[in-house]
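Read the structure below first, then the notes.
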Amino acid sequence: MTTLKGEHIYLRALEPEDLEFVHAVENDETIWDISSTQTPFSKFIIKQYIENAHKDIYEVKQLRLVISSYKDVPLGMIDIYDFDFKNSRAGIGILIKDSKTRGKGYGTEALKLLVSYCFAHLGLHQLYCNISEENETSIKLFKSQGFKQVGLKKDWNYVNSSYKNEYLFQLINKQDVH
């Protein structure tokens, strides 16, 4: 699918070979506050998740794709979550795993590809994301792709013994003909 192929990266489905990568991402405590994770995941649970990742987005209401280099090195993951067919919307989350590969444009390219996929192939009217007030990198990324801040959720997440605010960003599909 050319929609999911960019100049430097492509988005692909989860493969059994991604077990170690996904396990490392899901168990990285430094990012638990952005993923709302509270406990570690076993390899068994991650393996089951990957084995069921083929299920249709209309059934499971989510889709996780690996952000991969053309040398087949997984760089991160990008998710569609809370897929709402009736209201034609979904949430998006993105993570570039290694700090050494952040800031090189992979996240921008991945987000651009996923937005195009959501609007062109899934026919969505809008996308949204939730970003911690302190996550300036993600705020800059989503704004660069046309997402607008539409709300502030005060004291939304409890992180490191204090409450943190979270922004709600939204992107409306201007080409939507519904």
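To be explicit about the labels: the chains of the structure tokens are called A, B, and onward in the order shown, and within each one the residues are counted from 1, while ligands get numbers from 1 in the order they are shown.
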Exercise for the section: List every residue of stretch 15-132 of chain A that DSSP, applied to the backbone of this structure, places in helix (DSSP H, G or I), and write the result as number ranges by chain. Expected result: A: 16-26, 29-35, 43-51, 57-60, 106-120
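The residue set within 12 Å of A:Arg89, counting only C-alpha atoms and dropping same-chain residues fewer than 5 places from it, reads Lys61, Gln62, Ile80, Tyr81, Asp82, Phe83, Asp84, Val115, Cys118, Phe119, Leu122, Gly123, Leu124, His125, Gln126, Leu127, Tyr128, Cys129, Gln170, Leu171, Ile172, Asn173 and Asp176 of chain A.
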Practice task
Excluding A:Thr137 and residues on its chain fewer than 6 positions from it, collect all residues at most 12 Å away from it, counting only C-alpha atoms, and give them as a list in words.
Solution key: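 My reading of the contact set: Ile94, Leu95, Ile96, Arg102, Gly103, Gly105, Gly107, Thr108, Ile131, Lys143 and Ser144 of chain A.
Counting only C-alpha atoms, stretch 153-163 of chain A has the following residues at most 12 Å away, ignoring those fewer than 2 positions along the same chain: Glu29, Thr30, Ile31, Trp32, Asp33, Ile34, Ser35, Ser36, Thr37, Gln38, Asn130, Ile131, Ser132, Glu133, Glu134, Gln149, Val150, Gly151, Asn165, Glu166, Tyr167, Leu168 and Phe169 of chain A.
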Practice task
Tell me which of A:Lys71, A:Phe85, A:Ala13, A:Gln145 sits closest to A:Glu109, counting only C-alpha atoms.
Solution key: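 Using only C-alpha atoms, A:Glu109 sits closest to A:Gln145.
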Considering only strand (DSSP E or B) as DSSP defines it on the backbone, what residues of chain A qualify? List them as a short mmCIF file (atom, residue, chain, number, x, y, z; two decimals) with all heavy atoms, in the first residue's frame.
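Done, and the output landed in result12.cif:
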```cif
data_model
loop_
_atom_site.label_atom_id
_atom_site.label_comp_id
_atom_site.auth_asym_id
_atom_site.auth_seq_id
_atom_site.Cartn_x
_atom_site.Cartn_y
_atom_site.Cartn_z
N LYS A 5 3.80 4.36 2.65
CA LYS A 5 5.23 4.41 2.33
C LYS A 5 5.66 5.85 2.12
O LYS A 5 5.08 6.58 1.32
CB LYS A 5 5.53 3.59 1.07
CG LYS A 5 5.34 2.11 1.28
CD LYS A 5 5.69 1.32 0.05
CE LYS A 5 5.50 -0.16 0.37
NZ LYS A 5 5.75 -0.99 -0.80
N ILE A 9 10.77 6.31 5.63
CA ILE A 9 10.17 5.27 6.47
C ILE A 9 8.91 4.73 5.81
O ILE A 9 8.40 5.32 4.86
CB ILE A 9 9.83 5.78 7.89
CG1 ILE A 9 8.88 7.01 7.82
CG2 ILE A 9 11.09 6.14 8.67
CD1 ILE A 9 7.47 6.71 8.16
N TYR A 10 8.43 3.62 6.35
CA TYR A 10 7.12 3.12 5.97
C TYR A 10 6.44 2.59 7.21
O TYR A 10 7.09 2.30 8.23
CB TYR A 10 7.21 2.08 4.85
CG TYR A 10 7.83 0.76 5.23
CD1 TYR A 10 7.03 -0.36 5.48
CD2 TYR A 10 9.21 0.62 5.31
CE1 TYR A 10 7.60 -1.57 5.81
CE2 TYR A 10 9.78 -0.60 5.64
CZ TYR A 10 8.97 -1.70 5.88
OH TYR A 10 9.54 -2.90 6.22
N LEU A 11 5.12 2.52 7.15
CA LEU A 11 4.33 2.00 8.26
C LEU A 11 3.89 0.60 7.88
O LEU A 11 3.39 0.38 6.77
CB LEU A 11 3.11 2.90 8.51
CG LEU A 11 3.39 4.38 8.71
CD1 LEU A 11 2.09 5.13 8.96
CD2 LEU A 11 4.37 4.61 9.84
N ARG A 12 4.06 -0.33 8.81
CA ARG A 12 3.71 -1.72 8.51
C ARG A 12 3.00 -2.36 9.68
O ARG A 12 3.07 -1.88 10.82
CB ARG A 12 4.96 -2.52 8.14
CG ARG A 12 5.97 -2.64 9.28
CD ARG A 12 7.05 -3.65 8.93
NE ARG A 12 8.09 -3.71 9.93
CZ ARG A 12 7.99 -4.33 11.10
NH1 ARG A 12 6.86 -4.92 11.45
NH2 ARG A 12 9.01 -4.35 11.95
N ALA A 13 2.33 -3.46 9.38
CA ALA A 13 1.65 -4.22 10.42
C ALA A 13 2.67 -4.86 11.35
O ALA A 13 3.83 -5.06 10.99
CB ALA A 13 0.79 -5.31 9.76
N LEU A 63 -5.65 0.23 15.73
CA LEU A 63 -4.67 -0.30 14.80
C LEU A 63 -3.31 0.22 15.22
O LEU A 63 -3.13 1.42 15.39
CB LEU A 63 -4.98 0.15 13.36
CG LEU A 63 -3.94 -0.22 12.29
CD1 LEU A 63 -3.88 -1.73 12.11
CD2 LEU A 63 -4.27 0.48 10.99
N ARG A 64 -2.37 -0.69 15.42
CA ARG A 64 -1.00 -0.31 15.75
C ARG A 64 -0.12 -0.69 14.58
O ARG A 64 -0.17 -1.81 14.09
CB ARG A 64 -0.51 -1.01 17.01
CG ARG A 64 0.98 -0.78 17.25
CD ARG A 64 1.41 -1.24 18.61
NE ARG A 64 0.99 -0.21 19.57
CZ ARG A 64 1.21 -0.29 20.87
NH1 ARG A 64 1.78 -1.35 21.38
NH2 ARG A 64 0.81 0.67 21.66
N LEU A 65 0.66 0.28 14.13
CA LEU A 65 1.60 0.06 13.04
C LEU A 65 3.01 0.36 13.52
O LEU A 65 3.22 1.24 14.37
CB LEU A 65 1.26 0.97 11.85
CG LEU A 65 -0.12 0.75 11.22
CD1 LEU A 65 -0.44 1.88 10.24
CD2 LEU A 65 -0.19 -0.60 10.55
N VAL A 66 3.97 -0.36 12.96
CA VAL A 66 5.38 -0.12 13.26
C VAL A 66 5.91 0.91 12.28
O VAL A 66 5.65 0.84 11.08
CB VAL A 66 6.19 -1.43 13.16
CG1 VAL A 66 7.69 -1.17 13.32
CG2 VAL A 66 5.72 -2.44 14.20
N ILE A 67 6.64 1.88 12.80
CA ILE A 67 7.36 2.85 11.97
C ILE A 67 8.70 2.19 11.68
O ILE A 67 9.48 1.95 12.61
CB ILE A 67 7.55 4.20 12.69
CG1 ILE A 67 6.20 4.78 13.12
CG2 ILE A 67 8.35 5.17 11.82
CD1 ILE A 67 6.30 5.92 14.12
N SER A 68 8.95 1.89 10.42
CA SER A 68 10.14 1.12 10.07
C SER A 68 10.99 1.85 9.05
O SER A 68 10.47 2.50 8.14
CB SER A 68 9.71 -0.25 9.50
OG SER A 68 10.84 -1.03 9.19
N SER A 69 12.30 1.71 9.19
CA SER A 69 13.21 2.21 8.16
C SER A 69 13.15 1.25 6.98
O SER A 69 12.66 0.13 7.10
CB SER A 69 14.64 2.29 8.70
OG SER A 69 15.19 0.98 8.79
N PRO A 74 12.87 -1.35 13.17
CA PRO A 74 11.73 -0.66 13.79
C PRO A 74 12.20 0.57 14.56
O PRO A 74 13.09 0.48 15.40
CB PRO A 74 11.12 -1.71 14.72
CG PRO A 74 12.19 -2.73 14.93
CD PRO A 74 13.14 -2.65 13.78
N LEU A 75 11.61 1.71 14.24
CA LEU A 75 11.99 2.97 14.87
C LEU A 75 11.00 3.42 15.93
O LEU A 75 11.35 4.17 16.83
CB LEU A 75 12.09 4.06 13.80
CG LEU A 75 13.05 3.76 12.64
CD1 LEU A 75 12.86 4.80 11.53
CD2 LEU A 75 14.48 3.73 13.14
N GLY A 76 9.76 2.96 15.80
CA GLY A 76 8.72 3.37 16.73
C GLY A 76 7.40 2.75 16.35
O GLY A 76 7.35 1.82 15.53
N MET A 77 6.35 3.27 16.93
CA MET A 77 5.01 2.78 16.65
C MET A 77 4.07 3.97 16.55
O MET A 77 4.29 5.01 17.19
CB MET A 77 4.55 1.83 17.74
CG MET A 77 5.33 0.52 17.71
SD MET A 77 4.74 -0.70 18.89
CE MET A 77 5.31 -0.03 20.43
N ILE A 78 3.02 3.78 15.77
CA ILE A 78 1.99 4.79 15.64
C ILE A 78 0.65 4.07 15.73
O ILE A 78 0.48 3.01 15.14
CB ILE A 78 2.15 5.62 14.34
CG1 ILE A 78 1.23 6.84 14.34
CG2 ILE A 78 2.02 4.77 13.10
CD1 ILE A 78 1.63 7.91 13.34
N ASP A 79 -0.25 4.61 16.52
CA ASP A 79 -1.51 3.95 16.81
C ASP A 79 -2.71 4.77 16.39
O ASP A 79 -2.70 6.00 16.52
CB ASP A 79 -1.67 3.72 18.33
CG ASP A 79 -0.63 2.79 18.91
OD1 ASP A 79 -0.07 1.98 18.17
OD2 ASP A 79 -0.40 2.88 20.13
N ILE A 80 -3.72 4.07 15.94
CA ILE A 80 -5.07 4.62 15.81
C ILE A 80 -5.84 3.95 16.95
O ILE A 80 -5.80 2.73 17.07
CB ILE A 80 -5.72 4.25 14.46
CG1 ILE A 80 -4.89 4.78 13.30
CG2 ILE A 80 -7.15 4.78 14.41
CD1 ILE A 80 -5.33 4.26 11.94
N TYR A 81 -6.49 4.73 17.79
CA TYR A 81 -7.23 4.15 18.91
C TYR A 81 -8.60 4.82 19.01
O TYR A 81 -8.86 5.85 18.40
CB TYR A 81 -6.45 4.28 20.22
CG TYR A 81 -6.19 5.71 20.66
CD1 TYR A 81 -7.10 6.37 21.48
CD2 TYR A 81 -5.07 6.39 20.24
CE1 TYR A 81 -6.88 7.68 21.88
CE2 TYR A 81 -4.83 7.70 20.62
CZ TYR A 81 -5.75 8.34 21.43
OH TYR A 81 -5.54 9.64 21.81
N ASP A 82 -9.46 4.21 19.78
CA ASP A 82 -10.84 4.70 19.95
C ASP A 82 -11.49 4.99 18.60
O ASP A 82 -12.19 6.00 18.43
CB ASP A 82 -10.88 5.96 20.84
CG ASP A 82 -10.52 5.65 22.28
OD1 ASP A 82 -10.56 4.48 22.66
OD2 ASP A 82 -10.21 6.61 23.01
N PHE A 83 -11.26 4.11 17.64
CA PHE A 83 -11.85 4.25 16.30
C PHE A 83 -13.36 4.23 16.45
O PHE A 83 -13.94 3.29 16.97
CB PHE A 83 -11.37 3.10 15.41
CG PHE A 83 -11.95 3.11 14.04
CD1 PHE A 83 -11.50 4.01 13.09
CD2 PHE A 83 -12.94 2.22 13.68
CE1 PHE A 83 -12.03 4.02 11.81
CE2 PHE A 83 -13.47 2.21 12.40
CZ PHE A 83 -13.01 3.12 11.46
N ASP A 84 -14.00 5.30 16.02
CA ASP A 84 -15.44 5.47 16.16
C ASP A 84 -16.04 5.63 14.77
O ASP A 84 -16.03 6.73 14.19
CB ASP A 84 -15.71 6.70 17.03
CG ASP A 84 -17.17 6.96 17.31
OD1 ASP A 84 -18.04 6.45 16.57
OD2 ASP A 84 -17.46 7.72 18.25
N ARG A 89 -14.36 9.29 13.59
CA ARG A 89 -13.20 9.90 14.25
C ARG A 89 -12.36 8.83 14.93
O ARG A 89 -12.81 7.72 15.17
CB ARG A 89 -13.62 10.96 15.25
CG ARG A 89 -14.36 10.39 16.44
CD ARG A 89 -14.66 11.48 17.48
NE ARG A 89 -15.50 10.95 18.52
CZ ARG A 89 -16.70 11.40 18.82
NH1 ARG A 89 -17.22 12.43 18.17
NH2 ARG A 89 -17.40 10.85 19.79
N ALA A 90 -11.13 9.21 15.25
CA ALA A 90 -10.22 8.31 15.96
C ALA A 90 -9.11 9.14 16.61
O ALA A 90 -8.81 10.25 16.18
CB ALA A 90 -9.60 7.28 15.01
N GLY A 91 -8.51 8.54 17.64
CA GLY A 91 -7.36 9.14 18.27
C GLY A 91 -6.09 8.61 17.64
O GLY A 91 -6.07 7.53 17.05
N ILE A 92 -5.01 9.38 17.77
CA ILE A 92 -3.71 8.98 17.25
C ILE A 92 -2.67 9.14 18.35
O ILE A 92 -2.68 10.13 19.08
CB ILE A 92 -3.29 9.84 16.04
CG1 ILE A 92 -4.20 9.58 14.85
CG2 ILE A 92 -1.85 9.55 15.64
CD1 ILE A 92 -3.80 10.35 13.62
N GLY A 93 -1.79 8.16 18.44
CA GLY A 93 -0.64 8.24 19.34
C GLY A 93 0.60 7.81 18.57
O GLY A 93 0.53 6.98 17.67
N ILE A 94 1.74 8.38 18.92
CA ILE A 94 2.98 8.07 18.20
C ILE A 94 4.15 8.04 19.17
O ILE A 94 4.17 8.80 20.15
CB ILE A 94 3.23 9.10 17.07
CG1 ILE A 94 4.45 8.72 16.24
CG2 ILE A 94 3.34 10.50 17.62
CD1 ILE A 94 4.60 9.55 14.97
N LEU A 95 5.09 7.17 18.89
CA LEU A 95 6.30 7.09 19.70
C LEU A 95 7.48 6.69 18.81
O LEU A 95 7.40 5.70 18.09
CB LEU A 95 6.14 6.03 20.81
CG LEU A 95 7.42 5.74 21.58
CD1 LEU A 95 7.70 6.83 22.58
CD2 LEU A 95 7.36 4.39 22.25
N ILE A 96 8.53 7.47 18.87
CA ILE A 96 9.82 7.08 18.30
C ILE A 96 10.62 6.57 19.48
O ILE A 96 10.86 7.31 20.44
CB ILE A 96 10.53 8.26 17.58
CG1 ILE A 96 9.65 8.82 16.45
CG2 ILE A 96 11.89 7.83 17.08
CD1 ILE A 96 9.38 7.87 15.32
N GLN A 126 -12.45 13.28 11.36
CA GLN A 126 -11.54 13.98 12.25
C GLN A 126 -10.65 13.02 13.01
O GLN A 126 -10.98 11.86 13.25
CB GLN A 126 -12.30 14.86 13.23
CG GLN A 126 -13.21 14.13 14.19
CD GLN A 126 -13.88 15.09 15.14
OE1 GLN A 126 -13.22 15.69 15.98
NE2 GLN A 126 -15.20 15.24 15.00
N LEU A 127 -9.49 13.56 13.40
CA LEU A 127 -8.52 12.86 14.23
C LEU A 127 -8.24 13.73 15.43
O LEU A 127 -8.35 14.96 15.37
CB LEU A 127 -7.22 12.62 13.45
CG LEU A 127 -7.36 11.76 12.20
CD1 LEU A 127 -6.07 11.81 11.39
CD2 LEU A 127 -7.70 10.33 12.60
N TYR A 128 -7.86 13.09 16.52
CA TYR A 128 -7.51 13.86 17.72
C TYR A 128 -6.36 13.18 18.44
O TYR A 128 -6.02 12.03 18.19
CB TYR A 128 -8.72 14.03 18.65
CG TYR A 128 -9.24 12.74 19.23
CD1 TYR A 128 -8.73 12.24 20.43
CD2 TYR A 128 -10.23 12.01 18.59
CE1 TYR A 128 -9.21 11.05 20.95
CE2 TYR A 128 -10.71 10.83 19.11
CZ TYR A 128 -10.18 10.36 20.29
OH TYR A 128 -10.64 9.17 20.82
N CYS A 129 -5.74 13.93 19.33
CA CYS A 129 -4.69 13.38 20.18
C CYS A 129 -4.70 14.12 21.51
O CYS A 129 -5.18 15.26 21.61
CB CYS A 129 -3.33 13.48 19.50
SG CYS A 129 -2.78 15.16 19.21
N ASN A 130 -4.19 13.45 22.50
CA ASN A 130 -4.07 14.01 23.85
C ASN A 130 -2.58 14.11 24.16
O ASN A 130 -1.86 13.11 24.06
CB ASN A 130 -4.74 13.09 24.86
CG ASN A 130 -6.21 12.90 24.55
OD1 ASN A 130 -6.98 13.85 24.58
ND2 ASN A 130 -6.60 11.69 24.22
N ILE A 131 -2.13 15.31 24.54
CA ILE A 131 -0.70 15.52 24.75
C ILE A 131 -0.49 16.26 26.07
O ILE A 131 -1.11 17.29 26.33
CB ILE A 131 -0.08 16.36 23.61
CG1 ILE A 131 -0.36 15.72 22.25
CG2 ILE A 131 1.42 16.52 23.83
CD1 ILE A 131 0.07 16.58 21.07
N SER A 132 0.41 15.74 26.87
CA SER A 132 0.78 16.39 28.13
C SER A 132 1.26 17.81 27.84
O SER A 132 1.98 18.06 26.87
CB SER A 132 1.89 15.60 28.82
OG SER A 132 2.43 16.34 29.89
N LYS A 148 -5.05 21.39 15.70
CA LYS A 148 -5.31 22.60 16.47
C LYS A 148 -5.62 22.23 17.91
O LYS A 148 -6.36 21.28 18.18
CB LYS A 148 -6.52 23.36 15.90
CG LYS A 148 -6.41 23.70 14.44
CD LYS A 148 -5.40 24.78 14.19
CE LYS A 148 -5.42 25.16 12.71
NZ LYS A 148 -4.13 25.53 12.22
N GLN A 149 -5.10 23.03 18.84
CA GLN A 149 -5.43 22.83 20.24
C GLN A 149 -6.87 23.30 20.45
O GLN A 149 -7.22 24.43 20.15
CB GLN A 149 -4.50 23.63 21.14
CG GLN A 149 -4.81 23.45 22.61
CD GLN A 149 -4.00 24.38 23.48
OE1 GLN A 149 -2.88 24.71 23.17
NE2 GLN A 149 -4.60 24.79 24.59
N VAL A 150 -7.71 22.39 20.95
CA VAL A 150 -9.12 22.73 21.15
C VAL A 150 -9.54 22.64 22.61
O VAL A 150 -10.68 22.97 22.93
CB VAL A 150 -10.05 21.84 20.28
CG1 VAL A 150 -9.81 22.11 18.80
CG2 VAL A 150 -9.88 20.37 20.59
N GLY A 151 -8.63 22.21 23.47
CA GLY A 151 -9.00 22.13 24.87
C GLY A 151 -7.82 21.88 25.78
O GLY A 151 -6.75 21.44 25.34
N LEU A 152 -8.03 22.18 27.05
CA LEU A 152 -7.05 21.91 28.09
C LEU A 152 -7.77 21.16 29.20
O LEU A 152 -8.76 21.66 29.75
CB LEU A 152 -6.44 23.20 28.64
CG LEU A 152 -5.51 23.02 29.85
CD1 LEU A 152 -4.26 22.24 29.46
CD2 LEU A 152 -5.13 24.38 30.43
N LYS A 153 -7.29 19.97 29.51
CA LYS A 153 -7.86 19.17 30.60
C LYS A 153 -6.96 19.38 31.82
O LYS A 153 -5.83 18.91 31.86
CB LYS A 153 -7.93 17.70 30.19
CG LYS A 153 -8.84 17.49 28.98
CD LYS A 153 -8.89 16.04 28.55
CE LYS A 153 -7.82 15.79 27.52
NZ LYS A 153 -7.83 14.44 26.96
N LYS A 154 -7.47 20.11 32.78
CA LYS A 154 -6.68 20.47 33.96
C LYS A 154 -6.53 19.29 34.92
O LYS A 154 -7.47 18.52 35.13
CB LYS A 154 -7.32 21.65 34.69
CG LYS A 154 -7.26 22.92 33.87
CD LYS A 154 -7.59 24.10 34.74
CE LYS A 154 -7.31 25.38 34.02
NZ LYS A 154 -5.93 25.77 34.10
N ASP A 155 -5.32 19.16 35.48
CA ASP A 155 -5.00 18.11 36.45
C ASP A 155 -5.46 16.74 35.95
O ASP A 155 -5.99 15.93 36.69
CB ASP A 155 -5.66 18.41 37.80
CG ASP A 155 -5.02 19.58 38.50
OD1 ASP A 155 -3.93 20.02 38.08
OD2 ASP A 155 -5.61 20.07 39.49
N TRP A 156 -5.24 16.45 34.68
CA TRP A 156 -5.79 15.27 34.02
C TRP A 156 -5.06 13.98 34.36
O TRP A 156 -5.66 12.93 34.52
CB TRP A 156 -5.80 15.51 32.52
CG TRP A 156 -6.71 14.58 31.80
CD1 TRP A 156 -6.35 13.52 31.02
CD2 TRP A 156 -8.14 14.62 31.79
NE1 TRP A 156 -7.46 12.90 30.52
CE2 TRP A 156 -8.58 13.56 30.98
CE3 TRP A 156 -9.09 15.44 32.37
CZ2 TRP A 156 -9.92 13.30 30.73
CZ3 TRP A 156 -10.42 15.18 32.12
CH2 TRP A 156 -10.82 14.11 31.32
N ASN A 157 -3.73 14.04 34.43
CA ASN A 157 -2.93 12.84 34.68
C ASN A 157 -2.08 13.00 35.93
O ASN A 157 -1.44 14.03 36.12
CB ASN A 157 -2.03 12.54 33.47
CG ASN A 157 -2.83 12.21 32.23
OD1 ASN A 157 -3.72 11.37 32.27
ND2 ASN A 157 -2.53 12.88 31.14
N TYR A 158 -2.07 11.95 36.73
CA TYR A 158 -1.25 11.93 37.95
C TYR A 158 0.09 11.30 37.61
O TYR A 158 0.17 10.10 37.31
CB TYR A 158 -1.97 11.14 39.04
CG TYR A 158 -1.34 11.24 40.40
CD1 TYR A 158 -1.38 12.43 41.12
CD2 TYR A 158 -0.70 10.15 40.96
CE1 TYR A 158 -0.81 12.53 42.38
CE2 TYR A 158 -0.12 10.23 42.22
CZ TYR A 158 -0.18 11.42 42.92
OH TYR A 158 0.40 11.51 44.16
N VAL A 159 1.15 12.11 37.62
CA VAL A 159 2.48 11.66 37.22
C VAL A 159 3.49 12.13 38.26
O VAL A 159 3.55 13.31 38.57
CB VAL A 159 2.86 12.24 35.83
CG1 VAL A 159 4.25 11.80 35.42
CG2 VAL A 159 1.83 11.86 34.78
N SER A 162 2.30 14.33 41.22
CA SER A 162 1.57 15.58 40.97
C SER A 162 0.67 15.42 39.75
O SER A 162 0.89 14.55 38.91
CB SER A 162 2.54 16.76 40.78
OG SER A 162 3.28 16.60 39.60
N TYR A 163 -0.32 16.29 39.69
CA TYR A 163 -1.25 16.26 38.57
C TYR A 163 -0.73 17.13 37.44
O TYR A 163 -0.21 18.22 37.67
CB TYR A 163 -2.64 16.74 39.01
CG TYR A 163 -3.33 15.71 39.86
CD1 TYR A 163 -3.27 15.77 41.26
CD2 TYR A 163 -4.04 14.66 39.28
CE1 TYR A 163 -3.90 14.82 42.04
CE2 TYR A 163 -4.66 13.70 40.05
CZ TYR A 163 -4.58 13.78 41.42
OH TYR A 163 -5.19 12.83 42.19
N LYS A 164 -0.89 16.63 36.22
CA LYS A 164 -0.42 17.34 35.03
C LYS A 164 -1.59 17.64 34.11
O LYS A 164 -2.51 16.84 33.96
CB LYS A 164 0.60 16.49 34.24
CG LYS A 164 1.78 16.00 35.06
CD LYS A 164 2.70 17.14 35.40
CE LYS A 164 3.90 16.58 36.16
NZ LYS A 164 4.77 17.59 36.68
N ASN A 165 -1.54 18.79 33.48
CA ASN A 165 -2.54 19.17 32.49
C ASN A 165 -2.29 18.44 31.18
O ASN A 165 -1.15 18.06 30.88
CB ASN A 165 -2.51 20.67 32.23
CG ASN A 165 -2.87 21.48 33.46
OD1 ASN A 165 -3.53 21.00 34.37
ND2 ASN A 165 -2.43 22.72 33.48
N GLU A 166 -3.34 18.28 30.40
CA GLU A 166 -3.23 17.62 29.10
C GLU A 166 -4.03 18.41 28.07
O GLU A 166 -5.16 18.80 28.34
CB GLU A 166 -3.75 16.19 29.20
CG GLU A 166 -3.65 15.39 27.93
CD GLU A 166 -4.11 13.96 28.13
OE1 GLU A 166 -5.32 13.70 27.96
OE2 GLU A 166 -3.27 13.12 28.46
N TYR A 167 -3.42 18.64 26.91
CA TYR A 167 -4.11 19.32 25.81
C TYR A 167 -4.85 18.31 24.95
O TYR A 167 -4.40 17.18 24.77
CB TYR A 167 -3.12 20.06 24.91
CG TYR A 167 -2.46 21.25 25.54
CD1 TYR A 167 -1.08 21.32 25.66
CD2 TYR A 167 -3.21 22.34 25.97
CE1 TYR A 167 -0.46 22.43 26.21
CE2 TYR A 167 -2.60 23.46 26.53
CZ TYR A 167 -1.22 23.49 26.65
OH TYR A 167 -0.61 24.58 27.20
N LEU A 168 -5.94 18.77 24.37
CA LEU A 168 -6.65 18.02 23.35
C LEU A 168 -6.43 18.74 22.03
O LEU A 168 -6.70 19.95 21.92
CB LEU A 168 -8.15 17.94 23.67
CG LEU A 168 -9.04 17.32 22.59
CD1 LEU A 168 -8.67 15.87 22.32
CD2 LEU A 168 -10.51 17.41 23.01
N PHE A 169 -5.89 18.02 21.05
CA PHE A 169 -5.68 18.55 19.71
C PHE A 169 -6.60 17.82 18.75
O PHE A 169 -6.90 16.65 18.94
CB PHE A 169 -4.22 18.36 19.27
CG PHE A 169 -3.27 19.34 19.88
CD1 PHE A 169 -2.74 19.13 21.13
CD2 PHE A 169 -2.91 20.50 19.19
CE1 PHE A 169 -1.85 20.02 21.70
CE2 PHE A 169 -2.03 21.40 19.75
CZ PHE A 169 -1.50 21.18 21.01
N GLN A 170 -6.99 18.51 17.67
CA GLN A 170 -7.94 17.96 16.72
C GLN A 170 -7.57 18.41 15.31
O GLN A 170 -7.09 19.52 15.10
CB GLN A 170 -9.33 18.48 17.10
CG GLN A 170 -10.47 17.99 16.28
CD GLN A 170 -11.78 18.63 16.77
OE1 GLN A 170 -11.83 19.82 17.08
NE2 GLN A 170 -12.82 17.84 16.84
N LEU A 171 -7.82 17.50 14.36
CA LEU A 171 -7.63 17.81 12.95
C LEU A 171 -8.89 17.38 12.21
O LEU A 171 -9.28 16.22 12.25
CB LEU A 171 -6.41 17.06 12.38
CG LEU A 171 -6.13 17.26 10.89
CD1 LEU A 171 -5.73 18.72 10.60
CD2 LEU A 171 -5.01 16.32 10.44
N ILE A 172 -9.53 18.34 11.57
CA ILE A 172 -10.74 18.07 10.79
C ILE A 172 -10.33 17.85 9.33
O ILE A 172 -9.53 18.61 8.78
CB ILE A 172 -11.73 19.26 10.87
CG1 ILE A 172 -12.09 19.58 12.32
CG2 ILE A 172 -12.97 19.00 10.02
CD1 ILE A 172 -12.95 18.58 13.01
#
```
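Counting only C-alpha atoms, the residue from A:Lys47, A:Lys55, A:His121, A:Lys104 that sits nearest to A:Leu141 is A:Lys104.
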